[in-house]
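Peer 1: Handing you a structure now.
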2 protein chains.
Amino acid sequence: MTDTSTAPLSEEQLSLIDAYWRAANYLSVGQIYLLDNPLLREPLKPEHVKPRLLGHWGTTPGLNLIYAHMNRLIKERDLNVIYLAGPGHGGPGLVANTYLEGTYSEIYSAIGQTEDGIRKLFRQFSFPGGIPSHVAPETPGSIHEGGELGYSLVHAYGAAFDNPDLIALCVIGDGEAETGPLAASWHSNKFLDPAQDGAVLPILHLNGYKIANPTVLARIPQAELAELLAGYGYEPIFVTGDDPASVHQQLAAAMEKSVDQIHAIQKHAREGHEGERPAWPAIVLRTPKGWTGPKVVDGLPVEGTWRAHQVPLAETRTNAEHRAQLEEWMRSYKPEELFTEEGALISSLAELAPEGERRMGANPHANGGALLRDLVLPDFRDYGVEIERPGVTVSEATKVLGTWLRDVIRLNPDNFRLMGPDETASNRLQAVFEATDRAWEGSRLDTDEHLAPNGRVMEVLSEHLCQGWLEGYLLTGRHGLFNCYEAFIHIIDAMFNQHAKWLKTTNDIPWRRPISSLNYLLSSHVWRQDHNGFSHQDPGFIDHVVNKKAEVVRVYLPPDTNTLLSVADHCLRSRQYVNVVVAGKQPALTYLTMDEAVAHCTRGLGIWEWASNTRGEPDVVIASAGDIPTLEALAATDILRQKLPDLKVRFVNVVDMMRLQDEREHPHGLSDRDFDTLFTRDKPVIFAYHGYPWLVHRLTYRRTNHGNIHVRGYKEEGTTTTPFDMVMLNDLDRFHLVIDVIDRVPGLGSTQAVLRQEMSDARLAARAYTRENGEDDPEISGWSWPG
Amino acid sequence: MTDTSTAPLSEEQLSLIDAYWRAANYLSVGQIYLLDNPLLREPLKPEHVKPRLLGHWGTTPGLNLIYAHMNRLIKERDLNVIYLAGPGHGGPGLVANTYLEGTYSEIYSAIGQTEDGIRKLFRQFSFPGGIPSHVAPETPGSIHEGGELGYSLVHAYGAAFDNPDLIALCVIGDGEAETGPLAASWHSNKFLDPAQDGAVLPILHLNGYKIANPTVLARIPQAELAELLAGYGYEPIFVTGDDPASVHQQLAAAMEKSVDQIHAIQKHAREGHEGERPAWPAIVLRTPKGWTGPKVVDGLPVEGTWRAHQVPLAETRTNAEHRAQLEEWMRSYKPEELFTEEGALISSLAELAPEGERRMGANPHANGGALLRDLVLPDFRDYGVEIERPGVTVSEATKVLGTWLRDVIRLNPDNFRLMGPDETASNRLQAVFEATDRAWEGSRLDTDEHLAPNGRVMEVLSEHLCQGWLEGYLLTGRHGLFNCYEAFIHIIDAMFNQHAKWLKTTNDIPWRRPISSLNYLLSSHVWRQDHNGFSHQDPGFIDHVVNKKAEVVRVYLPPDTNTLLSVADHCLRSRQYVNVVVAGKQPALTYLTMDEAVAHCTRGLGIWEWASNTRGEPDVVIASAGDIPTLEALAATDILRQKLPDLKVRFVNVVDMMRLQDEREHPHGLSDRDFDTLFTRDKPVIFAYHGYPWLVHRLTYRRTNHGNIHVRGYKEEGTTTTPFDMVMLNDLDRFHLVIDVIDRVPGLGSTQAVLRQEMSDARLAARAYTRENGEDDPEISGWSWPG
């Protein structure tokens with residue numbers, strides 16, 4: 001049922017767009033099934049069919065339909081659009097469309113616009129040595145794989161920020177829509193500035209099923225769904241049907257209306273009107289799963305059911321009936337009307353696609369590195385803390401970093417964003433609010449501070465949104481930093497996985513240009529959860545990160561303010577990495593001058609001569625990584641100097657954890673010779689480490705002296721208590737480190753037992769003091785390096 | 001503005017409930033601030049105040065208000081209610097209320113109903129040696145810590161399933177409401193059966209702010225919020241104000257109405273009426289953050305702003321003005337009217353609390369172990385695969401497990417649920433649908449299969465919901481299993497953390513009774529992502545899990561069907577653990593008879609004599625953990641037998657990964673002597689492992705022979721390809737394992753070079769075959785143990 005008011009397509013336009021859609025569907029089915037006979041010039045034989053059928057048909061016709069209709073609008077209105085396929089396992093659809101528009105053949109020249117090109121296109125799909133079954137980094141025009149579901153909409157918003165002319169078209173699968181991250185992503189419209197940012201056009205594609213079940217949003221009344229979307233702040237436009245002609249007209253009208261609304265909203269805002277947050281359009285497209293595919297297979301309904309999810313006909317090589325059905329299905333698209341004798345798309349259809357960079361497969365925003373501009377970075381050395389000598393000057397590392405970030409924001413007003421789950425001030429980066437505000441499109445009150453539509457700081461109580469926005473922002477060629485409580489960064493473990501995999505894969509794709517690194521600043525870390533206790537203590541993100549490919553991950557544990565500045569500058573200049581930086585926010589001792597800090601961070605680890613009492617071979621190496629472990633290790637060194645002045649101690653600090661690993665395992669890895677030089681071949685090493693101790697073992701297990709490395713770290717003991725009680729609970733305290741030293745250095749004789757007792761007594765006394773007074777003994781908490 | 005129709009409280013009732021609320025608020029503030037002078041019998045002096053002020057005031061008055069009003073309804077109507085505090089950092093509130101109702105003193109007898117008891121109550125809060133600042137396992141009546149935000153509502157639903165008389169009252173903070181998991185949790189009402197399940201009463205508490213920002217839901221128009229909740233399927237009831245009298249009346253009315261609606265819905269369903277999914281009530285409570293606290297501090301507004309989030313007056317020990325304000329604030333609650341001379345709550349207020357197990361702090365559902373009934377488990381031995389000899393019979397491990405789970409479900413119709421993100425059939429557990437359906441309250445179509453309101457299988461495309469529902473279900477004393485794709489279980493890494501921490505803490509709390517273990521079945525694992533490729537490959541959840549306390553985590557890698565059955569039975573009988581089981585779903589070889597499987601799983605690891613060609617000291621140990629690594633390791637052993645018949649090979653298989661660890665590190669750990677006996681003290685060990693290889697090093701780095709252990713596993717190489725190509729990409733294939741062996745066994749002479757070349761050629765040939773044919777060489781994929 002189509003009335004003319006909602007039938008923007010002429011008969012000819014409708015016929016052409018339908019043919020284009022059929023061409024995309026044909027090429028999609030061909031990829032899933034065919035090895036040969038790509039244009040069905042002869043009857044289908046078993047050997048034309050792939051032996052293993054791998055792919056997902058169900059979502060594909062919907063993805064193709066939307067692509068064809070967006071092409072029309074791009075061409076008519078010269079729009080700047082990228083296409084995010086939430087149901088990314090519909091890979092054949094995006095490959096088909098980028099092939100039809102010509103992008104694919106330009107990038108992959110072996111896949112030409114000929115019958116042989118189509119043969120290769122089909123064969124390579126989900127085939128050993130070919131391309132993955134999903135919309136992958138290999139797919140032109142994609143910034144979103146969709147293998148792990150839930151992130152399409154948040155990626156789309158990330159792409160739209162600071163891209164005023166861009167429309168991020170986001171197809172959301174109704175399976176994906178059940179995920180938590182997607183459910184929260186709708187609220188991203190409260191953080192999008194219509195004046196300065198681009199637009200997101202969500203198309204919720206209700207094909208009704210996930211793998212084996214109906215979906216929630218497809219099975220609630222339409223009125224309820226309309227309320228839900230209105231409640232999320234959108235104006236929903238419904239397109240429903242299973243008759244192609246009707247759906248074409250409805251969708252064409254819906255997309256025109258959506259783009260009209262987007263432009264009206266933007267025009268209003270860009271003419272300087274302030275006012276209510278606008279209701280952005282969102283399309284709900286309800287069409288059958290596996291639309292145009294087999295209706296019934298082996299007597300069971302397929303089209304419009306969950307059975308259409310993957311491969312509707314499973315035995316096309318061995319079952320003649322299945323094969324006949326496949327042939328009938330493919331011929332139903334009338335390939336002979338779509339492709340020339342040579343195998344090229346007929347010109348009347350080829351003309352439907354946009355041209356050049358307007359093609360969604362060729363839009364440079366989807367290859368963000370191509371648009372990447374270097375950040376303008378103020379000289380971090382100017383922000384450092386002056387120190388006279390090591391270990392006496394107190395400073396707050398992240399607070400100082402905040403002053404540098406403030407100026408990074410000033411110098412890069414449209415190219416850098418700071419994300420955080422409402423923790424920017426808690427993590428002491430508040431100086432940034434001297435330069436900018438928090439992005440906020442909700443209503444504002446007089447008592448509010450630092451809220452503005454175009455703020456550069458993005459705070460929402462969702463690590464998923466912070467991560468997803470930043471990923472979308474980076475993948476479209478910009479820069480950013482995500483600051484987060486250390487423990488809760490695990491919330492996005494899985495998202496990190498996918499981004500690290502994306503980076504790893506793009507390293508091997510020549511046409512993908514390098515993008516800015518994904519930078520994490522983890523503050524409010526495990527050792528200083530004074531307000532929160534055990535639930536907020538987890539330093540394991542580092543362990544999670546180092547499981548990924550060495551060439552894309554970096555972990556830094558700057559021990560003080562000046563080293564943090566140096567590390568941060570390095571990270572913001574880097575490309576194609578995930579950088580994890582863990583730094584404290586509390587007042588703490590500063591150990592290195594800025595020049596020393598730069599030199600130390602450049603090496604990544606090194607001997608601190610001022611904390612060592614020998615330049616030669618030591619009796620023991622005390623090593624540290626992380627701010628609190630460094631404090632305790634230095635305090636232990638101080639005790640050893642007093643109690644055992646003849647003991648030769650070397651103090652080593654590690655900033656770049658990857659230096660510990662073998663050079664064959666990680667590009668930053670030390671050679672065995674250098675490692676042996678630092679850590680000796682046979683002396684005890686007492687290593688005070690920020691996180692779970694076994695990580696140090698894992699990184700060093702091949703080293704000569706590994707058997708002598710003894711690591712202290714967090715061992716899942718904690719509660720709401722004082723800072724020194726926390727290190728004692730985990731045996732990382734100065735007294736226990738001294739015990740560790742004397743238990744491992746031979747030849748101490750009776751001194752060992754005496755000192756051991758003294759240290760045990762000191763621990764008991766410290767604990768008693770804390771429990772009596774509710775705070776740490778000032779003799780301990782006020783310790784500084786004696787010089 | 002209160003009209004009588006919504007003013008259910010008499011003047012006296014209002015006065016009493018307000019006094020009760022003031023008492024809770026008084027005790028909350030006292031916990032945050034006071035060391036002594038708990039009832040303000042004398043003017044407040046610096047030494048009465050804690051030196052470190054740790055806690056969160058902002059959310060607390062709201063939590064207290066709701067508690068008082070729920071008490072009233074419980075008492076009036078004899079309701080069975082547990083209280084979930086989403087803003088769990090409002091710990092003082094829940095401690096205060098459980099103290100007022102008497103539960104706290106019953107459990108912690110040192111904290112009596114006296115002035116001294118109040119002094120101790122205050123002192124212990126957030127104090128070294130005391131209790132955590134959050135609603136923690138130590139807090140009576142809690143199943144939800146709320147340290148990591150977002151899971152209150154999903155926990156509440158988990159508690160309500162199969163608890164027809166229970167109302168899970170769930171306070172949702174408006175910060176928490178921004179998280180993805182919470183946003184998705186609202187849809188849990190599509191899975192709740194009003195006939196068989198209990199009810200959830202969500203109270204969205206809009207106090208307007210998170211840590212330092214306004215919240216999204218507090219700053220959208222009320223009409224938009226109403227649409228959002230209606231779209232989620234609820235009927236919202238708004239309670240708004242800052243005048244206590246008005247809010248008391250409104251909230252009393254709203255709660256009465258909610259409970260009336262809940263009972264009406266349940267009655268209708270339980271009388272056998274089918275029909276539309278009901279709209280459950282949800283209350284939106286909009287009151288100021290830090291309500292009744294200081295309005296202005298140091299000239300800045302506090303009450304009703306984000307500044308009330310933690311400790312509104314920060315310097316009460318050193319700043320006399322702050323101290324005076326604190327005293328004024330506490331005296332505003334009129335403690336002299338609330339507590340007797342001895343320090344007990346006055347009887348007119350004490351009578352307001354419910355009695356016995358109706359008290360929310362004493363409700364046994366919040367100490368689920370107290371209600372735990374053992375599962376009735378069918379004998380898993382009856383479900384095993386018959387084998388004649390090892391390594392020739394093909395079976396699908398998870399498919400067979402499904403038949404046992406089917407009967408577990410039949411035998412435990414109200415005490416066991418199977419959760420999964422739409423993957424139960426994909427993971428081949430479909431036999432369960434012979435016994436039950438999927439829980440589904442949405443609309444149903446003729447083509448649907450196995451959907452019913454009271455299904456025991458819960459499928460939603462959200463790992464967060466699966467995990468959260470199961471946690472809530474376990475914490476209230478029931479049993480379950482979560483089946484998930486291996487890669488995507490990382491989505492709930494952070495939720496696992498919190499649950500593992502909960503278990504660890506409750507192990508040390510005598511009144512907390514042990515609950516059933518949280519069981520994961522990870523199938524569709526890294527090695528067999530034939531349809532999906534690289535994005536679906538991540539075996540790192542094991543690494544994540546083993547960072548938690550050894551006493552609560554277990555990891556099993558059963559190599560075949562019979563061992564999977566034995567492991568599953570063991571896990572479902574266990575208590576207080578997190579059990580991770582990784583098992584394949586594809587047709588695979590079966591190695592052990594059921595008796596052998598039971599014996600092998602009981603040991604956790606052991607020599608497979610039938611695959612070894614020596615009973616004495618071997619030349620090399622080949623070890624495996626996981627189904628695919630075991631297949632490749634056995635195939636390598638087969639090659640070695642043919643090519644090097646004199647080489648003495650011992651074959652060791654590991655099911656229980658924790659056996660590898662030191663007995664001092666893990667309760668399952670092998671002694672060094674036993675480890676040396678199995679793995680020798682000095683022979684090469686080639687270890688084929690399911691996951692990231694360094695985990696084996698981490699678990700074994702202290703072992704005598706560690707330097708000779710050479711591990712192959714997943715090293716982040718993969719795409720959509722064939723099973724054998726996948727193992728080749730990661731050097732885990734049989735040919736590479738043979739190369740690993742001959743490179744490490746000394747004295748092979750020229751044989752080494754010849755065999756090495758042969759194996760390299762075999763790899764190249766296998767790859768060429770795959771790329772030519774799109775499937776693995778049947779000689780390789782069809783391999784079985786020669787016997």
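Ordering of the structure tokens sets the chain letters (A, B, ...); residue numbers start at 1 within each chain; ligands are numbered from 1 in the order shown.
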Considering only C-alpha atoms, return as a list in words whatever protein or nucleic-acid residues lie within 6 Å of region 7-24 of chain A, sequence-local ones (same chain, fewer than 2 positions apart) excluded.
Peer 2: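 Here the answer would be Thr4, Ser5, Tyr26, Leu27, Leu65, Ala96, Asn97, Gln249, Ala253 and Tyr333 of chain A.
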Peer 1: Extract, using only C-alpha atoms, all DNA, RNA and protein residues at most 9 Å from region 635-650 of chain B, discarding same-chain residues fewer than 5 positions from it, and format them as a PyMOL selection string.
Peer 2: chain B and resi 607-609+611-623+630+678-679+733-738+741+751+755+783-786
Peer 1: Rounded to one decimal, what separation in Å do you get between CA of Asp560 (chain A) and CA of Leu401 (chain A)?
Peer 2: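 So the two atoms, CA of Asp560 (chain A) and CA of Leu401 (chain A), lie 10.8 Å apart.
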Peer 1: Counting only C-alpha atoms, what is within 12 Å of Pro778 (chain B), bar same-chain residues fewer than 5 positions away, as a PDB file with all heavy atoms, in the first residue's frame?
Peer 2:
```pdb
ATOM      1  N   THR B 722      39.859 -22.800   7.385  1.00  0.00           N
ATOM      2  CA  THR B 722      39.547 -24.172   7.794  1.00  0.00           C
ATOM      3  C   THR B 722      40.149 -24.478   9.165  1.00  0.00           C
ATOM      4  O   THR B 722      41.092 -23.812   9.608  1.00  0.00           O
ATOM      5  CB  THR B 722      40.120 -25.174   6.787  1.00  0.00           C
ATOM      6  OG1 THR B 722      41.546 -25.074   6.833  1.00  0.00           O
ATOM      7  CG2 THR B 722      39.628 -24.896   5.380  1.00  0.00           C
ATOM      8  N   PRO B 723      39.631 -25.508   9.819  1.00  0.00           N
ATOM      9  CA  PRO B 723      40.165 -25.843  11.149  1.00  0.00           C
ATOM     10  C   PRO B 723      41.671 -26.125  11.137  1.00  0.00           C
ATOM     11  O   PRO B 723      42.399 -25.653  12.010  1.00  0.00           O
ATOM     12  CB  PRO B 723      39.369 -27.094  11.533  1.00  0.00           C
ATOM     13  CG  PRO B 723      38.088 -26.994  10.773  1.00  0.00           C
ATOM     14  CD  PRO B 723      38.433 -26.302   9.483  1.00  0.00           C
ATOM     15  N   PHE B 724      42.146 -26.851  10.140  1.00  0.00           N
ATOM     16  CA  PHE B 724      43.575 -27.176  10.176  1.00  0.00           C
ATOM     17  C   PHE B 724      44.421 -25.967   9.821  1.00  0.00           C
ATOM     18  O   PHE B 724      45.517 -25.781  10.346  1.00  0.00           O
ATOM     19  CB  PHE B 724      43.906 -28.363   9.262  1.00  0.00           C
ATOM     20  CG  PHE B 724      45.272 -28.928   9.539  1.00  0.00           C
ATOM     21  CD1 PHE B 724      45.513 -29.619  10.718  1.00  0.00           C
ATOM     22  CD2 PHE B 724      46.327 -28.717   8.664  1.00  0.00           C
ATOM     23  CE1 PHE B 724      46.789 -30.116  11.009  1.00  0.00           C
ATOM     24  CE2 PHE B 724      47.604 -29.211   8.943  1.00  0.00           C
ATOM     25  CZ  PHE B 724      47.826 -29.915  10.116  1.00  0.00           C
ATOM     26  N   ALA B 766      49.675 -29.067   3.060  1.00  0.00           N
ATOM     27  CA  ALA B 766      48.357 -28.923   3.682  1.00  0.00           C
ATOM     28  C   ALA B 766      47.769 -27.551   3.355  1.00  0.00           C
ATOM     29  O   ALA B 766      46.586 -27.424   3.035  1.00  0.00           O
ATOM     30  CB  ALA B 766      48.470 -29.096   5.200  1.00  0.00           C
ATOM     31  N   TYR B 769      46.682 -27.458  -0.284  1.00  0.00           N
ATOM     32  CA  TYR B 769      45.446 -28.216  -0.491  1.00  0.00           C
ATOM     33  C   TYR B 769      44.233 -27.374  -0.070  1.00  0.00           C
ATOM     34  O   TYR B 769      43.236 -27.274  -0.779  1.00  0.00           O
ATOM     35  CB  TYR B 769      45.490 -29.524   0.314  1.00  0.00           C
ATOM     36  CG  TYR B 769      44.281 -30.402   0.044  1.00  0.00           C
ATOM     37  CD1 TYR B 769      44.361 -31.458  -0.859  1.00  0.00           C
ATOM     38  CD2 TYR B 769      43.059 -30.156   0.660  1.00  0.00           C
ATOM     39  CE1 TYR B 769      43.248 -32.247  -1.145  1.00  0.00           C
ATOM     40  CE2 TYR B 769      41.940 -30.924   0.387  1.00  0.00           C
ATOM     41  CZ  TYR B 769      42.039 -31.979  -0.507  1.00  0.00           C
ATOM     42  OH  TYR B 769      40.936 -32.741  -0.794  1.00  0.00           O
ATOM     43  N   THR B 770      44.371 -26.769   1.096  1.00  0.00           N
ATOM     44  CA  THR B 770      43.269 -25.980   1.644  1.00  0.00           C
ATOM     45  C   THR B 770      42.925 -24.814   0.738  1.00  0.00           C
ATOM     46  O   THR B 770      41.762 -24.531   0.469  1.00  0.00           O
ATOM     47  CB  THR B 770      43.668 -25.474   3.044  1.00  0.00           C
ATOM     48  OG1 THR B 770      43.945 -26.605   3.851  1.00  0.00           O
ATOM     49  CG2 THR B 770      42.564 -24.666   3.662  1.00  0.00           C
ATOM     50  N   ASN B 773      41.246 -26.168  -2.451  1.00  0.00           N
ATOM     51  CA  ASN B 773      39.966 -26.862  -2.350  1.00  0.00           C
ATOM     52  C   ASN B 773      38.970 -26.241  -1.378  1.00  0.00           C
ATOM     53  O   ASN B 773      37.807 -26.634  -1.342  1.00  0.00           O
ATOM     54  CB  ASN B 773      40.215 -28.319  -1.931  1.00  0.00           C
ATOM     55  CG  ASN B 773      41.027 -29.061  -2.977  1.00  0.00           C
ATOM     56  OD1 ASN B 773      40.508 -29.444  -4.013  1.00  0.00           O
ATOM     57  ND2 ASN B 773      42.323 -29.213  -2.721  1.00  0.00           N
ATOM     58  N   TRP B 783      41.964 -37.902  10.370  1.00  0.00           N
ATOM     59  CA  TRP B 783      42.907 -38.703  11.167  1.00  0.00           C
ATOM     60  C   TRP B 783      42.232 -39.295  12.403  1.00  0.00           C
ATOM     61  O   TRP B 783      41.374 -38.649  13.026  1.00  0.00           O
ATOM     62  CB  TRP B 783      44.083 -37.807  11.597  1.00  0.00           C
ATOM     63  CG  TRP B 783      45.042 -38.524  12.499  1.00  0.00           C
ATOM     64  CD1 TRP B 783      46.119 -39.274  12.134  1.00  0.00           C
ATOM     65  CD2 TRP B 783      44.982 -38.584  13.932  1.00  0.00           C
ATOM     66  NE1 TRP B 783      46.734 -39.785  13.236  1.00  0.00           N
ATOM     67  CE2 TRP B 783      46.058 -39.385  14.359  1.00  0.00           C
ATOM     68  CE3 TRP B 783      44.115 -38.061  14.890  1.00  0.00           C
ATOM     69  CZ2 TRP B 783      46.316 -39.666  15.706  1.00  0.00           C
ATOM     70  CZ3 TRP B 783      44.350 -38.335  16.227  1.00  0.00           C
ATOM     71  CH2 TRP B 783      45.448 -39.129  16.622  1.00  0.00           C
ATOM     72  N   SER B 784      42.575 -40.522  12.723  1.00  0.00           N
ATOM     73  CA  SER B 784      42.191 -41.078  14.029  1.00  0.00           C
ATOM     74  C   SER B 784      43.368 -41.867  14.597  1.00  0.00           C
ATOM     75  O   SER B 784      44.337 -42.165  13.879  1.00  0.00           O
ATOM     76  CB  SER B 784      40.948 -41.956  13.904  1.00  0.00           C
ATOM     77  OG  SER B 784      41.250 -43.092  13.126  1.00  0.00           O
TER      78      SER B 784
END
```
Peer 1: Which one of A:Tyr33, A:Trp502, A:Tyr520, A:Tyr99 sits closest to chain B if you count only C-alpha atoms?
Peer 2: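 Distance minimum relative to chain B lands on A:Trp502.
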Peer 1: Quick one: residues within 7 Å of region 436-442 of chain B, only C-alpha atoms counted, chain neighbours fewer than 4 positions away excluded, as a list in words?
Peer 2: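 Answer for this query is Val216, Arg219 and Ile220 of chain A; Lys190, Phe191, Leu192, Asp193, Arg277, Val432, His450, Leu451, Ala452, Pro453, Asn454, Gly455, Arg456, Val457, Met458 and Glu459 of chain B.
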